>>> print(open('start02.cif').read())   # mmCIF, C-alpha atoms
data_start
loop_
_atom_site.label_atom_id
_atom_site.label_comp_id
_atom_site.auth_asym_id
_atom_site.auth_seq_id
_atom_site.Cartn_x
_atom_site.Cartn_y
_atom_site.Cartn_z
CA MET A 26 13.55 8.33 -14.43
CA LYS A 27 16.99 6.79 -14.58
CA LEU A 28 17.37 6.13 -10.83
CA LEU A 29 14.20 4.02 -10.93
CA GLU A 30 15.05 2.18 -14.15
CA ASP A 31 18.44 1.26 -12.71
CA ARG A 32 16.80 -0.24 -9.63
CA ILE A 33 14.33 -2.21 -11.76
CA ARG A 34 17.23 -3.53 -13.87
CA GLN A 35 19.23 -4.50 -10.79
CA GLU A 36 16.53 -5.86 -8.51
CA GLY A 37 13.39 -6.57 -10.55
CA ILE A 38 12.42 -10.22 -10.84
CA VAL A 39 10.34 -11.32 -13.81
CA LEU A 40 7.78 -13.97 -12.94
CA PRO A 41 5.44 -15.91 -15.24
CA HIS A 42 2.32 -14.18 -16.64
CA ASN A 43 4.09 -10.83 -17.09
CA VAL A 44 4.51 -10.19 -13.39
CA LEU A 45 7.41 -7.94 -12.38
CA LYS A 46 8.38 -8.31 -8.75
CA VAL A 47 9.94 -5.19 -7.26
CA ASP A 48 9.39 -6.02 -3.62
CA SER A 49 12.91 -5.01 -2.61
CA PHE A 50 12.20 -1.29 -3.01
CA LEU A 51 8.50 -0.69 -3.70
CA ASN A 52 5.94 -3.34 -2.66
CA HIS A 53 7.18 -4.98 0.50
CA GLN A 54 10.54 -3.53 1.35
CA VAL A 55 10.46 0.20 0.55
CA ASP A 56 13.40 2.48 -0.18
CA PRO A 57 12.37 5.80 1.41
CA GLU A 58 15.01 7.83 -0.44
CA LEU A 59 13.89 6.45 -3.80
CA MET A 60 10.27 7.17 -2.84
CA SER A 61 11.25 10.71 -1.92
CA ALA A 62 12.87 11.15 -5.36
CA VAL A 63 9.73 9.68 -6.96
CA GLY A 64 7.53 12.14 -5.05
CA LYS A 65 9.64 15.11 -6.10
CA GLU A 66 9.57 13.96 -9.73
CA PHE A 67 5.76 13.69 -9.75
CA ALA A 68 5.53 17.13 -8.10
CA LYS A 69 7.69 18.54 -10.92
CA ARG A 70 5.70 16.87 -13.69
CA PHE A 71 2.36 18.08 -12.33
CA ALA A 72 3.65 21.46 -11.11
CA ASP A 73 1.23 23.44 -13.30
CA LYS A 74 -1.85 21.58 -12.08
CA PRO A 75 -4.03 22.94 -9.26
CA VAL A 76 -3.93 19.87 -7.02
CA THR A 77 -5.75 19.93 -3.66
CA LYS A 78 -5.48 16.24 -2.77
CA ILE A 79 -3.83 13.00 -3.79
CA LEU A 80 -5.73 9.73 -4.10
CA THR A 81 -4.13 6.30 -4.00
CA VAL A 82 -5.02 2.71 -2.99
CA GLU A 83 -3.58 0.78 -0.06
CA SER A 84 -0.94 -0.57 0.41
CA SER A 85 1.76 -0.18 -2.22
CA GLY A 86 0.52 3.19 -3.41
CA ILE A 87 0.94 4.80 0.00
CA ALA A 88 4.71 5.39 0.06
CA PRO A 89 4.98 7.12 -3.35
CA ALA A 90 1.71 9.02 -2.76
CA VAL A 91 2.74 10.35 0.65
CA MET A 92 6.09 11.50 -0.73
CA THR A 93 4.28 13.28 -3.57
CA GLY A 94 1.92 14.87 -1.06
CA LEU A 95 4.92 16.06 0.93
CA ALA A 96 6.43 17.66 -2.17
CA LEU A 97 3.13 19.29 -3.22
CA HIS A 98 1.98 20.19 0.34
CA VAL A 99 -1.39 18.47 -0.01
CA PRO A 100 -3.09 15.64 1.93
CA VAL A 101 -3.17 12.06 0.66
CA ILE A 102 -6.20 9.77 0.85
CA PHE A 103 -5.61 6.05 0.50
CA ALA A 104 -8.65 4.06 -0.57
CA ARG A 105 -9.30 1.04 1.58
CA LYS A 106 -9.67 -2.43 0.07
CA HIS A 107 -12.40 -4.70 1.38
CA LYS A 108 -13.62 -8.10 0.31
CA SER A 109 -17.19 -6.99 0.91
CA LEU A 110 -18.95 -4.06 2.49
CA THR A 111 -22.40 -3.86 3.95
CA LEU A 112 -22.62 -0.30 5.23
CA THR A 113 -21.58 2.03 2.43
CA ASP A 114 -23.74 5.11 3.05
CA ASP A 115 -20.83 7.36 3.96
CA LEU A 116 -18.43 5.89 1.41
CA TYR A 117 -17.68 6.22 -2.26
CA THR A 118 -16.96 2.69 -3.49
CA ALA A 119 -15.81 0.95 -6.66
CA ASP A 120 -15.05 -2.64 -7.64
CA VAL A 121 -11.46 -3.45 -8.58
CA TYR A 122 -10.57 -6.73 -10.22
CA SER A 123 -7.05 -8.01 -9.69
CA TYR A 124 -5.71 -10.04 -12.62
CA THR A 125 -2.77 -11.22 -10.52
CA LYS A 126 -4.88 -12.47 -7.62
CA GLN A 127 -8.04 -13.16 -9.66
CA THR A 128 -10.25 -11.61 -7.01
CA THR A 129 -12.50 -8.56 -6.89
CA ASN A 130 -12.06 -6.10 -4.06
CA LYS A 131 -14.23 -3.16 -3.25
CA ILE A 132 -12.22 0.01 -2.67
CA SER A 133 -13.69 2.84 -0.67
CA ILE A 134 -13.07 6.43 0.35
CA ALA A 135 -15.03 8.21 3.07
CA LYS A 136 -17.25 10.86 1.51
CA ARG A 137 -16.32 13.47 4.10
CA PHE A 138 -12.74 13.69 2.80
CA ILE A 139 -13.69 14.68 -0.74
CA GLU A 140 -15.25 18.07 -1.34
CA PRO A 141 -16.83 19.39 -4.54
CA ASN A 142 -13.96 21.82 -5.09
CA ASP A 143 -11.26 19.18 -4.81
CA SER A 144 -9.03 18.66 -7.75
CA VAL A 145 -6.97 15.52 -7.40
CA LEU A 146 -3.92 13.67 -8.55
CA ILE A 147 -4.04 9.86 -8.60
CA ILE A 148 -0.77 8.13 -7.69
CA ASP A 149 -0.17 4.38 -7.83
CA ASP A 150 2.75 1.96 -7.87
CA PHE A 151 1.82 0.03 -11.04
CA LEU A 152 -0.25 0.52 -14.15
CA ALA A 153 -0.97 -2.73 -15.96
CA ASN A 154 -4.61 -3.34 -16.86
CA GLY A 155 -5.63 -0.17 -15.11
CA GLN A 156 -8.18 -1.67 -12.75
CA ALA A 157 -7.09 0.24 -9.65
CA VAL A 158 -6.90 3.57 -11.49
CA GLU A 159 -10.30 2.89 -13.06
CA GLY A 160 -11.71 2.29 -9.58
CA LEU A 161 -10.34 5.62 -8.38
CA LEU A 162 -11.72 7.35 -11.48
CA THR A 163 -15.16 5.85 -10.73
CA ILE A 164 -14.93 7.32 -7.22
CA ALA A 165 -13.79 10.71 -8.57
CA ASP A 166 -16.75 10.73 -10.98
CA ALA A 167 -19.20 9.83 -8.22
CA ALA A 168 -17.76 12.64 -6.09
CA GLN A 169 -17.89 14.99 -9.10
CA ILE A 170 -14.31 16.13 -8.65
CA GLN A 171 -11.70 16.79 -11.30
CA VAL A 172 -8.76 14.46 -11.89
CA GLN A 173 -5.79 16.64 -12.83
CA GLY A 174 -3.41 13.84 -13.59
CA ILE A 175 -2.29 10.28 -12.94
CA GLY A 176 1.22 9.46 -11.75
CA ILE A 177 2.43 5.88 -12.00
CA VAL A 178 5.74 4.57 -10.69
CA ILE A 179 6.00 1.63 -13.12
CA GLU A 180 3.87 1.23 -16.24
CA LYS A 181 3.62 -1.91 -18.32
CA THR A 182 2.91 -0.30 -21.68
CA PHE A 183 1.98 -3.61 -23.32
CA GLN A 184 -1.14 -3.91 -21.17
CA LYS A 185 -4.31 -1.89 -21.55
CA GLY A 186 -4.15 0.54 -18.61
CA ARG A 187 -2.88 3.51 -20.61
CA ASP A 188 -5.84 3.35 -23.04
CA ILE A 189 -8.36 3.75 -20.20
CA ILE A 190 -6.64 6.96 -19.10
CA THR A 191 -5.79 8.60 -22.40
CA LYS A 192 -9.35 7.94 -23.62
CA ARG A 193 -10.41 10.35 -20.89
CA ASP A 194 -7.84 12.96 -21.85
CA ILE A 195 -6.07 12.92 -18.47
CA GLN A 196 -2.32 13.66 -18.23
CA LEU A 197 -0.51 10.40 -17.48
CA GLU A 198 3.06 10.35 -16.19
CA ALA A 199 4.86 7.04 -15.70
CA LEU A 200 8.37 7.20 -14.23
CA ALA A 201 9.43 3.88 -15.74
CA GLN A 202 7.78 2.37 -18.81
CA ILE A 203 8.25 -1.30 -19.50
CA SER A 204 7.43 -2.44 -23.00
CA SER A 205 8.10 -6.15 -22.58
CA LEU A 206 8.89 -8.82 -20.00
CA GLU A 207 9.27 -11.57 -22.57
CA ASN A 208 11.84 -14.31 -21.92
CA GLY A 209 12.29 -13.00 -18.40
CA GLN A 210 13.93 -9.81 -19.70
CA VAL A 211 12.88 -6.28 -18.72
CA GLN A 212 12.67 -4.07 -21.82
CA PHE A 213 12.08 -0.37 -21.31
CA ALA A 214 10.09 1.71 -23.79
CA ASN A 215 12.24 4.17 -25.80
CA MET B 26 4.68 15.71 20.65
CA LYS B 27 2.54 18.82 20.81
CA LEU B 28 1.80 19.06 17.07
CA LEU B 29 0.31 15.57 17.16
CA GLU B 30 -1.65 16.07 20.39
CA ASP B 31 -3.18 19.23 18.93
CA ARG B 32 -4.35 17.35 15.86
CA ILE B 33 -5.84 14.57 17.99
CA ARG B 34 -7.67 17.17 20.10
CA GLN B 35 -8.98 18.97 17.01
CA GLU B 36 -9.82 16.04 14.74
CA GLY B 37 -9.94 12.84 16.78
CA ILE B 38 -13.36 11.23 17.07
CA VAL B 39 -14.06 8.99 20.06
CA LEU B 40 -16.22 5.99 19.18
CA PRO B 41 -17.70 3.33 21.48
CA HIS B 42 -15.42 0.58 22.86
CA ASN B 43 -12.46 2.92 23.31
CA VAL B 44 -11.88 3.45 19.61
CA LEU B 45 -10.21 6.71 18.61
CA LYS B 46 -10.75 7.60 14.97
CA VAL B 47 -7.98 9.72 13.48
CA ASP B 48 -8.68 9.00 9.84
CA SER B 49 -8.34 12.65 8.83
CA PHE B 50 -4.55 12.64 9.22
CA LEU B 51 -3.28 9.10 9.92
CA ASN B 52 -5.43 6.10 8.90
CA HIS B 53 -7.27 7.01 5.72
CA GLN B 54 -6.44 10.60 4.87
CA VAL B 55 -2.76 11.18 5.68
CA ASP B 56 -1.06 14.50 6.40
CA PRO B 57 2.38 14.09 4.80
CA GLU B 58 3.89 17.06 6.66
CA LEU B 59 2.75 15.72 10.03
CA MET B 60 4.12 12.28 9.08
CA SER B 61 7.44 13.90 8.15
CA ALA B 62 7.57 15.56 11.58
CA VAL B 63 6.70 12.21 13.20
CA GLY B 64 9.51 10.51 11.27
CA LYS B 65 12.06 13.12 12.34
CA GLU B 66 10.94 12.85 15.96
CA PHE B 67 11.37 9.05 15.97
CA ALA B 68 14.79 9.45 14.34
CA LYS B 69 15.79 11.83 17.16
CA ARG B 70 14.50 9.57 19.92
CA PHE B 71 16.31 6.50 18.56
CA ALA B 72 19.40 8.40 17.33
CA ASP B 73 21.78 6.38 19.53
CA LYS B 74 20.53 2.99 18.30
CA PRO B 75 22.25 1.10 15.48
CA VAL B 76 19.20 0.66 13.23
CA THR B 77 19.60 -1.12 9.88
CA LYS B 78 15.92 -1.54 8.99
CA ILE B 79 12.42 -0.50 10.02
CA LEU B 80 9.56 -2.96 10.33
CA THR B 81 5.89 -2.03 10.22
CA VAL B 82 2.54 -3.56 9.21
CA GLU B 83 0.38 -2.49 6.29
CA SER B 84 -1.43 -0.16 5.83
CA SER B 85 -1.55 2.58 8.44
CA GLY B 86 2.00 1.97 9.65
CA ILE B 87 3.49 2.67 6.22
CA ALA B 88 3.39 6.50 6.17
CA PRO B 89 5.05 7.08 9.58
CA ALA B 90 7.51 4.20 8.99
CA VAL B 91 8.63 5.46 5.58
CA MET B 92 9.15 8.97 6.96
CA THR B 93 11.23 7.52 9.80
CA GLY B 94 13.22 5.48 7.29
CA LEU B 95 13.86 8.65 5.29
CA ALA B 96 15.15 10.43 8.40
CA LEU B 97 17.35 7.47 9.44
CA HIS B 98 18.45 6.51 5.89
CA VAL B 99 17.35 2.89 6.23
CA PRO B 100 14.89 0.70 4.28
CA VAL B 101 11.39 -0.03 5.57
CA ILE B 102 9.69 -3.42 5.38
CA PHE B 103 5.94 -3.53 5.71
CA ALA B 104 4.54 -6.89 6.80
CA ARG B 105 1.68 -8.06 4.62
CA LYS B 106 -1.67 -9.07 6.11
CA HIS B 107 -3.38 -12.14 4.74
CA LYS B 108 -6.52 -13.93 5.76
CA SER B 109 -4.81 -17.25 5.18
CA LEU B 110 -1.58 -18.47 3.64
CA THR B 111 -0.76 -21.79 2.15
CA LEU B 112 2.79 -21.36 0.91
CA THR B 113 4.86 -19.94 3.74
CA ASP B 114 8.29 -21.49 3.12
CA ASP B 115 9.98 -18.24 2.26
CA LEU B 116 8.10 -16.16 4.80
CA TYR B 117 8.28 -15.37 8.46
CA THR B 118 4.69 -15.30 9.70
CA ALA B 119 2.76 -14.49 12.87
CA ASP B 120 -0.90 -14.38 13.84
CA VAL B 121 -2.34 -11.01 14.78
CA TYR B 122 -5.74 -10.73 16.42
CA SER B 123 -7.63 -7.47 15.89
CA TYR B 124 -9.89 -6.55 18.82
CA THR B 125 -11.57 -3.86 16.71
CA LYS B 126 -12.41 -6.15 13.82
CA GLN B 127 -12.53 -9.40 15.84
CA THR B 128 -10.60 -11.27 13.19
CA THR B 129 -7.19 -12.95 13.07
CA ASN B 130 -4.84 -12.05 10.25
CA LYS B 131 -1.57 -13.66 9.44
CA ILE B 132 1.18 -11.11 8.88
CA SER B 133 4.24 -12.06 6.88
CA ILE B 134 7.66 -10.79 5.88
CA ALA B 135 9.77 -12.39 3.15
CA LYS B 136 12.79 -14.09 4.71
CA ARG B 137 15.17 -12.69 2.13
CA PHE B 138 14.75 -9.14 3.43
CA ILE B 139 15.89 -9.91 6.97
CA GLU B 140 19.50 -10.81 7.57
CA PRO B 141 21.09 -12.12 10.76
CA ASN B 142 22.97 -8.86 11.32
CA ASP B 143 19.88 -6.69 11.03
CA SER B 144 18.95 -4.59 13.97
CA VAL B 145 15.48 -3.14 13.61
CA LEU B 146 13.12 -0.46 14.79
CA ILE B 147 9.39 -1.29 14.83
CA ILE B 148 7.09 1.62 13.92
CA ASP B 149 3.30 1.52 14.06
CA ASP B 150 0.38 3.94 14.10
CA PHE B 151 -1.35 2.68 17.26
CA LEU B 152 -0.48 0.74 20.39
CA ALA B 153 -3.54 -0.57 22.18
CA ASN B 154 -3.50 -4.25 23.10
CA GLY B 155 -0.18 -4.68 21.34
CA GLN B 156 -1.20 -7.46 18.97
CA ALA B 157 0.49 -6.03 15.86
CA VAL B 158 3.72 -5.25 17.72
CA GLU B 159 3.67 -8.71 19.29
CA GLY B 160 3.34 -10.21 15.80
CA LEU B 161 6.38 -8.25 14.58
CA LEU B 162 8.33 -9.30 17.70
CA THR B 163 7.47 -12.94 16.94
CA ILE B 164 8.88 -12.46 13.44
CA ALA B 165 12.00 -10.72 14.79
CA ASP B 166 12.55 -13.63 17.20
CA ALA B 167 12.13 -16.19 14.42
CA ALA B 168 14.63 -14.26 12.30
CA GLN B 169 16.96 -13.97 15.30
CA ILE B 170 17.42 -10.24 14.86
CA GLN B 171 17.59 -7.57 17.52
CA VAL B 172 14.78 -5.09 18.11
CA GLN B 173 16.38 -1.77 19.05
CA GLY B 174 13.18 0.05 19.82
CA ILE B 175 9.49 0.51 19.17
CA GLY B 176 8.04 3.81 17.99
CA ILE B 177 4.29 4.35 18.22
CA VAL B 178 2.41 7.36 16.91
CA ILE B 179 -0.54 7.08 19.34
CA GLU B 180 -0.53 4.91 22.46
CA LYS B 181 -3.59 4.10 24.54
CA THR B 182 -1.87 3.68 27.90
CA PHE B 183 -4.97 2.16 29.53
CA GLN B 184 -4.69 -0.98 27.40
CA LYS B 185 -2.12 -3.72 27.77
CA GLY B 186 0.23 -3.10 24.83
CA ARG B 187 2.93 -1.31 26.84
CA ASP B 188 3.31 -4.25 29.27
CA ILE B 189 4.16 -6.64 26.43
CA ILE B 190 7.01 -4.38 25.31
CA THR B 191 8.47 -3.23 28.63
CA LYS B 192 8.47 -6.85 29.85
CA ARG B 193 11.04 -7.46 27.11
CA ASP B 194 13.12 -4.44 28.07
CA ILE B 195 12.78 -2.72 24.69
CA GLN B 196 12.82 1.09 24.45
CA LEU B 197 9.28 2.27 23.71
CA GLU B 198 8.59 5.78 22.42
CA ALA B 199 5.00 6.95 21.93
CA LEU B 200 4.51 10.42 20.45
CA ALA B 201 1.05 10.85 21.96
CA GLN B 202 -0.12 8.96 25.03
CA ILE B 203 -3.82 8.76 25.73
CA SER B 204 -4.79 7.74 29.24
CA SER B 205 -8.56 7.72 28.81
CA LEU B 206 -11.33 8.02 26.24
CA GLU B 207 -14.13 7.90 28.82
CA ASN B 208 -17.29 9.91 28.16
CA GLY B 209 -16.07 10.60 24.63
CA GLN B 210 -13.22 12.80 25.93
CA VAL B 211 -9.57 12.39 24.94
CA GLN B 212 -7.36 12.59 28.05
CA PHE B 213 -3.60 12.69 27.53
CA ALA B 214 -1.20 11.12 30.03
CA ASN B 215 0.79 13.69 32.04
#
>>> encode(input="start02.cif", output="structure tokens")
Amino acid sequence: MKLLEDRIRQEGIVLPHNVLKVDSFLNHQVDPELMSAVGKEFAKRFADKPVTKILTVESSGIAPAVMTGLALHVPVIFARKHKSLTLTDDLYTADVYSYTKQTTNKISIAKRFIEPNDSVLIIDDFLANGQAVEGLLTIADAAQIQVQGIGIVIEKTFQKGRDIITKRDIQLEALAQISSLENGQVQFAN
Amino acid sequence: MKLLEDRIRQEGIVLPHNVLKVDSFLNHQVDPELMSAVGKEFAKRFADKPVTKILTVESSGIAPAVMTGLALHVPVIFARKHKSLTLTDDLYTADVYSYTKQTTNKISIAKRFIEPNDSVLIIDDFLANGQAVEGLLTIADAAQIQVQGIGIVIEKTFQKGRDIITKRDIQLEALAQISSLENGQVQFAN
């Protein structure tokens, strides 16, 4: 998606340990018009899939997920992050390790919002090592619902996230694919 | 806003200690079409204000704020919540006490996203005791920017949030105003 790649080129900041900071339009400051374009693009790419709900994780996934939900006319559920949880009877939960923050969070979704007939799309801001997506897949498995596809705003193709998804034969769409951040330079795949 | 009041009547769950749970369309599951209507309504109510940016707090403020930003064609900044912060040189920060969770979080916004000429609208999901809004006002004061208005999706008029805002002579718009949750019943003001 050219619009997105241009913004990454112009405003992305490469930090040590392969971190790409895009907090001027995605993670902290959000560009609603870009998010709207992102949502419409995901809706187009998954147009043939019977999607009843969108799953994402708070907080940076919310803006692109809600715009996708608007384009597809389906509700969005954002999984909550918690350091620890004691009462989990009514929740589907999964552990998500963050390589950037080196902490494990539990993510959770209330059981009453996922029904056996749901067929979901997972949307997230980044795909790197795939921990957040894996957590959502664990929840989808526990809820016995079908994952129709995974839409990622920015993928770092040199990390292992993609393998986790393609291994499961799920359609993966990334709107910008970054193949390297070496020497502080953003290299796009293709 | 009738559309919103209807949803609160149909789906809102009143919990002890004056907590209204609306996690089927606002706080956990999000209805993108309702959020779009909310955004357009805020844009209409603040149409005469020179707004350059929208401020909100993660996570539940993001969906209504981004939809308002889309309607007003301005960026949205969501303040980050942290349990504690050590490096705060490049951040505006404020303490926010949560009565529901009985914890204090620091919220922060990167200084580089707020400029002296900015003139902002604050959007949030709930106004109860006004702690989150007060935190954002503290940040706006530190950044020496003007707050043009405050837009709240659901206000509990029987708590003290409104006083904090009107004391400062800032336009406050709440799309649903709840005057009582006594006996498990939602009563709307007017």
>>> resolve_selection(input="start02.cif", expression="the PyMOL selection byres ((chain A and resi 168-179) around 8)", output="number ranges by chain")
A: 63, 67, 71, 74-76, 89, 117, 136, 139-152, 162, 164-167, 180-181, 195-203
>>> atom_distance(input="start02.cif", atom1="atom CA of Val99 of chain A", atom2="atom CA of Glu66 of chain A")
15.3 Å
>>> atom_distance(input="start02.cif", atom1="atom CA of Phe213 of chain A", atom2="atom CA of Met26 of chain A")
11.2 Å
>>> resolve_selection(input="start02.cif", expression="the PyMOL selection byres ((chain A) within 8 of (chain B))", output="list of chain:residue names")
A:Ser49, A:His53, A:Gln54, A:Val55, A:Asp56, A:Pro57, A:Glu58, A:Ser61, A:Glu83, A:Ser84, A:Ile87, A:Ala88, A:Val91, A:Met92, A:Gly94, A:Leu95, A:His98, A:Val99, A:Pro100, A:Val101, A:Ile102, A:Phe103, A:Ala104, A:Arg105, A:Ile134, A:Phe138
>>> resolve_selection(input="start02.cif", expression="the PyMOL selection byres ((chain A and resi 44) around 12)", output="ChimeraX atom specification")
/A:37-43,45-48,124-126,151-154,179-181,184,203,205-211
>>> atom_distance(input="start02.cif", atom1="atom CA of Arg187 of chain A", atom2="atom CA of Val121 of chain A")
16.3 Å
>>> axis_aligned_box(input="start02.cif", around="segment 89-95 of chain A", padding_each_side="8 Å", output="JSON")
{"center_x": 3.9, "center_y": 11.6, "center_z": -1.3, "size_x": 20.4, "size_y": 24.9, "size_z": 20.5}
>>> closest_residue(input="start02.cif", among="B:Gln156, B:Thr182, B:Thr163, B:Thr81", to="Thr118 of chain B", atoms="all atoms listed in the file")
B:Thr163
>>> build_atoms(input="start02.cif", residues="segment 27-45 of chain B", atoms="N, CA, C and O atoms", output="PDB file, in the coordinates of the input")
ATOM      1  N   LYS B  27       3.671  17.897  20.727  1.00  0.00           N
ATOM      2  CA  LYS B  27       2.540  18.820  20.810  1.00  0.00           C
ATOM      3  C   LYS B  27       1.728  18.903  19.507  1.00  0.00           C
ATOM      4  O   LYS B  27       0.494  18.866  19.515  1.00  0.00           O
ATOM      5  N   LEU B  28       2.438  18.983  18.378  1.00  0.00           N
ATOM      6  CA  LEU B  28       1.800  19.060  17.070  1.00  0.00           C
ATOM      7  C   LEU B  28       0.776  17.940  16.873  1.00  0.00           C
ATOM      8  O   LEU B  28      -0.335  18.151  16.373  1.00  0.00           O
ATOM      9  N   LEU B  29       1.164  16.749  17.298  1.00  0.00           N
ATOM     10  CA  LEU B  29       0.310  15.570  17.160  1.00  0.00           C
ATOM     11  C   LEU B  29      -0.858  15.619  18.150  1.00  0.00           C
ATOM     12  O   LEU B  29      -2.008  15.352  17.776  1.00  0.00           O
ATOM     13  N   GLU B  30      -0.570  15.983  19.386  1.00  0.00           N
ATOM     14  CA  GLU B  30      -1.650  16.070  20.390  1.00  0.00           C
ATOM     15  C   GLU B  30      -2.691  17.096  19.963  1.00  0.00           C
ATOM     16  O   GLU B  30      -3.890  16.871  20.119  1.00  0.00           O
ATOM     17  N   ASP B  31      -2.243  18.210  19.402  1.00  0.00           N
ATOM     18  CA  ASP B  31      -3.180  19.230  18.930  1.00  0.00           C
ATOM     19  C   ASP B  31      -4.115  18.687  17.860  1.00  0.00           C
ATOM     20  O   ASP B  31      -5.317  18.923  17.881  1.00  0.00           O
ATOM     21  N   ARG B  32      -3.537  17.909  16.941  1.00  0.00           N
ATOM     22  CA  ARG B  32      -4.350  17.350  15.860  1.00  0.00           C
ATOM     23  C   ARG B  32      -5.361  16.328  16.403  1.00  0.00           C
ATOM     24  O   ARG B  32      -6.498  16.249  15.932  1.00  0.00           O
ATOM     25  N   ILE B  33      -4.927  15.552  17.397  1.00  0.00           N
ATOM     26  CA  ILE B  33      -5.840  14.570  17.990  1.00  0.00           C
ATOM     27  C   ILE B  33      -6.988  15.306  18.691  1.00  0.00           C
ATOM     28  O   ILE B  33      -8.154  14.944  18.541  1.00  0.00           O
ATOM     29  N   ARG B  34      -6.641  16.367  19.416  1.00  0.00           N
ATOM     30  CA  ARG B  34      -7.670  17.170  20.100  1.00  0.00           C
ATOM     31  C   ARG B  34      -8.667  17.762  19.101  1.00  0.00           C
ATOM     32  O   ARG B  34      -9.869  17.730  19.307  1.00  0.00           O
ATOM     33  N   GLN B  35      -8.128  18.296  17.992  1.00  0.00           N
ATOM     34  CA  GLN B  35      -8.980  18.970  17.010  1.00  0.00           C
ATOM     35  C   GLN B  35      -9.800  18.011  16.149  1.00  0.00           C
ATOM     36  O   GLN B  35     -10.945  18.277  15.827  1.00  0.00           O
ATOM     37  N   GLU B  36      -9.189  16.882  15.772  1.00  0.00           N
ATOM     38  CA  GLU B  36      -9.820  16.040  14.740  1.00  0.00           C
ATOM     39  C   GLU B  36     -10.167  14.629  15.174  1.00  0.00           C
ATOM     40  O   GLU B  36     -10.845  13.912  14.446  1.00  0.00           O
ATOM     41  N   GLY B  37      -9.658  14.200  16.320  1.00  0.00           N
ATOM     42  CA  GLY B  37      -9.940  12.840  16.780  1.00  0.00           C
ATOM     43  C   GLY B  37     -11.409  12.673  17.132  1.00  0.00           C
ATOM     44  O   GLY B  37     -12.026  13.572  17.692  1.00  0.00           O
ATOM     45  N   ILE B  38     -11.962  11.530  16.757  1.00  0.00           N
ATOM     46  CA  ILE B  38     -13.360  11.230  17.070  1.00  0.00           C
ATOM     47  C   ILE B  38     -13.379   9.993  17.959  1.00  0.00           C
ATOM     48  O   ILE B  38     -12.824   8.956  17.596  1.00  0.00           O
ATOM     49  N   VAL B  39     -13.996  10.126  19.136  1.00  0.00           N
ATOM     50  CA  VAL B  39     -14.060   8.990  20.060  1.00  0.00           C
ATOM     51  C   VAL B  39     -15.309   8.182  19.752  1.00  0.00           C
ATOM     52  O   VAL B  39     -16.420   8.704  19.757  1.00  0.00           O
ATOM     53  N   LEU B  40     -15.107   6.895  19.462  1.00  0.00           N
ATOM     54  CA  LEU B  40     -16.220   5.990  19.180  1.00  0.00           C
ATOM     55  C   LEU B  40     -16.389   5.027  20.363  1.00  0.00           C
ATOM     56  O   LEU B  40     -15.513   4.935  21.219  1.00  0.00           O
ATOM     57  N   PRO B  41     -17.508   4.314  20.402  1.00  0.00           N
ATOM     58  CA  PRO B  41     -17.700   3.330  21.480  1.00  0.00           C
ATOM     59  C   PRO B  41     -16.555   2.314  21.533  1.00  0.00           C
ATOM     60  O   PRO B  41     -15.810   2.158  20.555  1.00  0.00           O
ATOM     61  N   HIS B  42     -16.441   1.615  22.649  1.00  0.00           N
ATOM     62  CA  HIS B  42     -15.420   0.580  22.860  1.00  0.00           C
ATOM     63  C   HIS B  42     -13.999   1.118  22.758  1.00  0.00           C
ATOM     64  O   HIS B  42     -13.105   0.462  22.228  1.00  0.00           O
ATOM     65  N   ASN B  43     -13.799   2.335  23.254  1.00  0.00           N
ATOM     66  CA  ASN B  43     -12.460   2.920  23.310  1.00  0.00           C
ATOM     67  C   ASN B  43     -11.738   3.017  21.983  1.00  0.00           C
ATOM     68  O   ASN B  43     -10.519   2.851  21.902  1.00  0.00           O
ATOM     69  N   VAL B  44     -12.505   3.266  20.934  1.00  0.00           N
ATOM     70  CA  VAL B  44     -11.880   3.450  19.610  1.00  0.00           C
ATOM     71  C   VAL B  44     -11.705   4.952  19.362  1.00  0.00           C
ATOM     72  O   VAL B  44     -12.624   5.738  19.569  1.00  0.00           O
ATOM     73  N   LEU B  45     -10.488   5.325  18.977  1.00  0.00           N
ATOM     74  CA  LEU B  45     -10.210   6.710  18.610  1.00  0.00           C
ATOM     75  C   LEU B  45      -9.986   6.756  17.096  1.00  0.00           C
ATOM     76  O   LEU B  45      -9.088   6.089  16.574  1.00  0.00           O
TER      77      LEU B  45
END
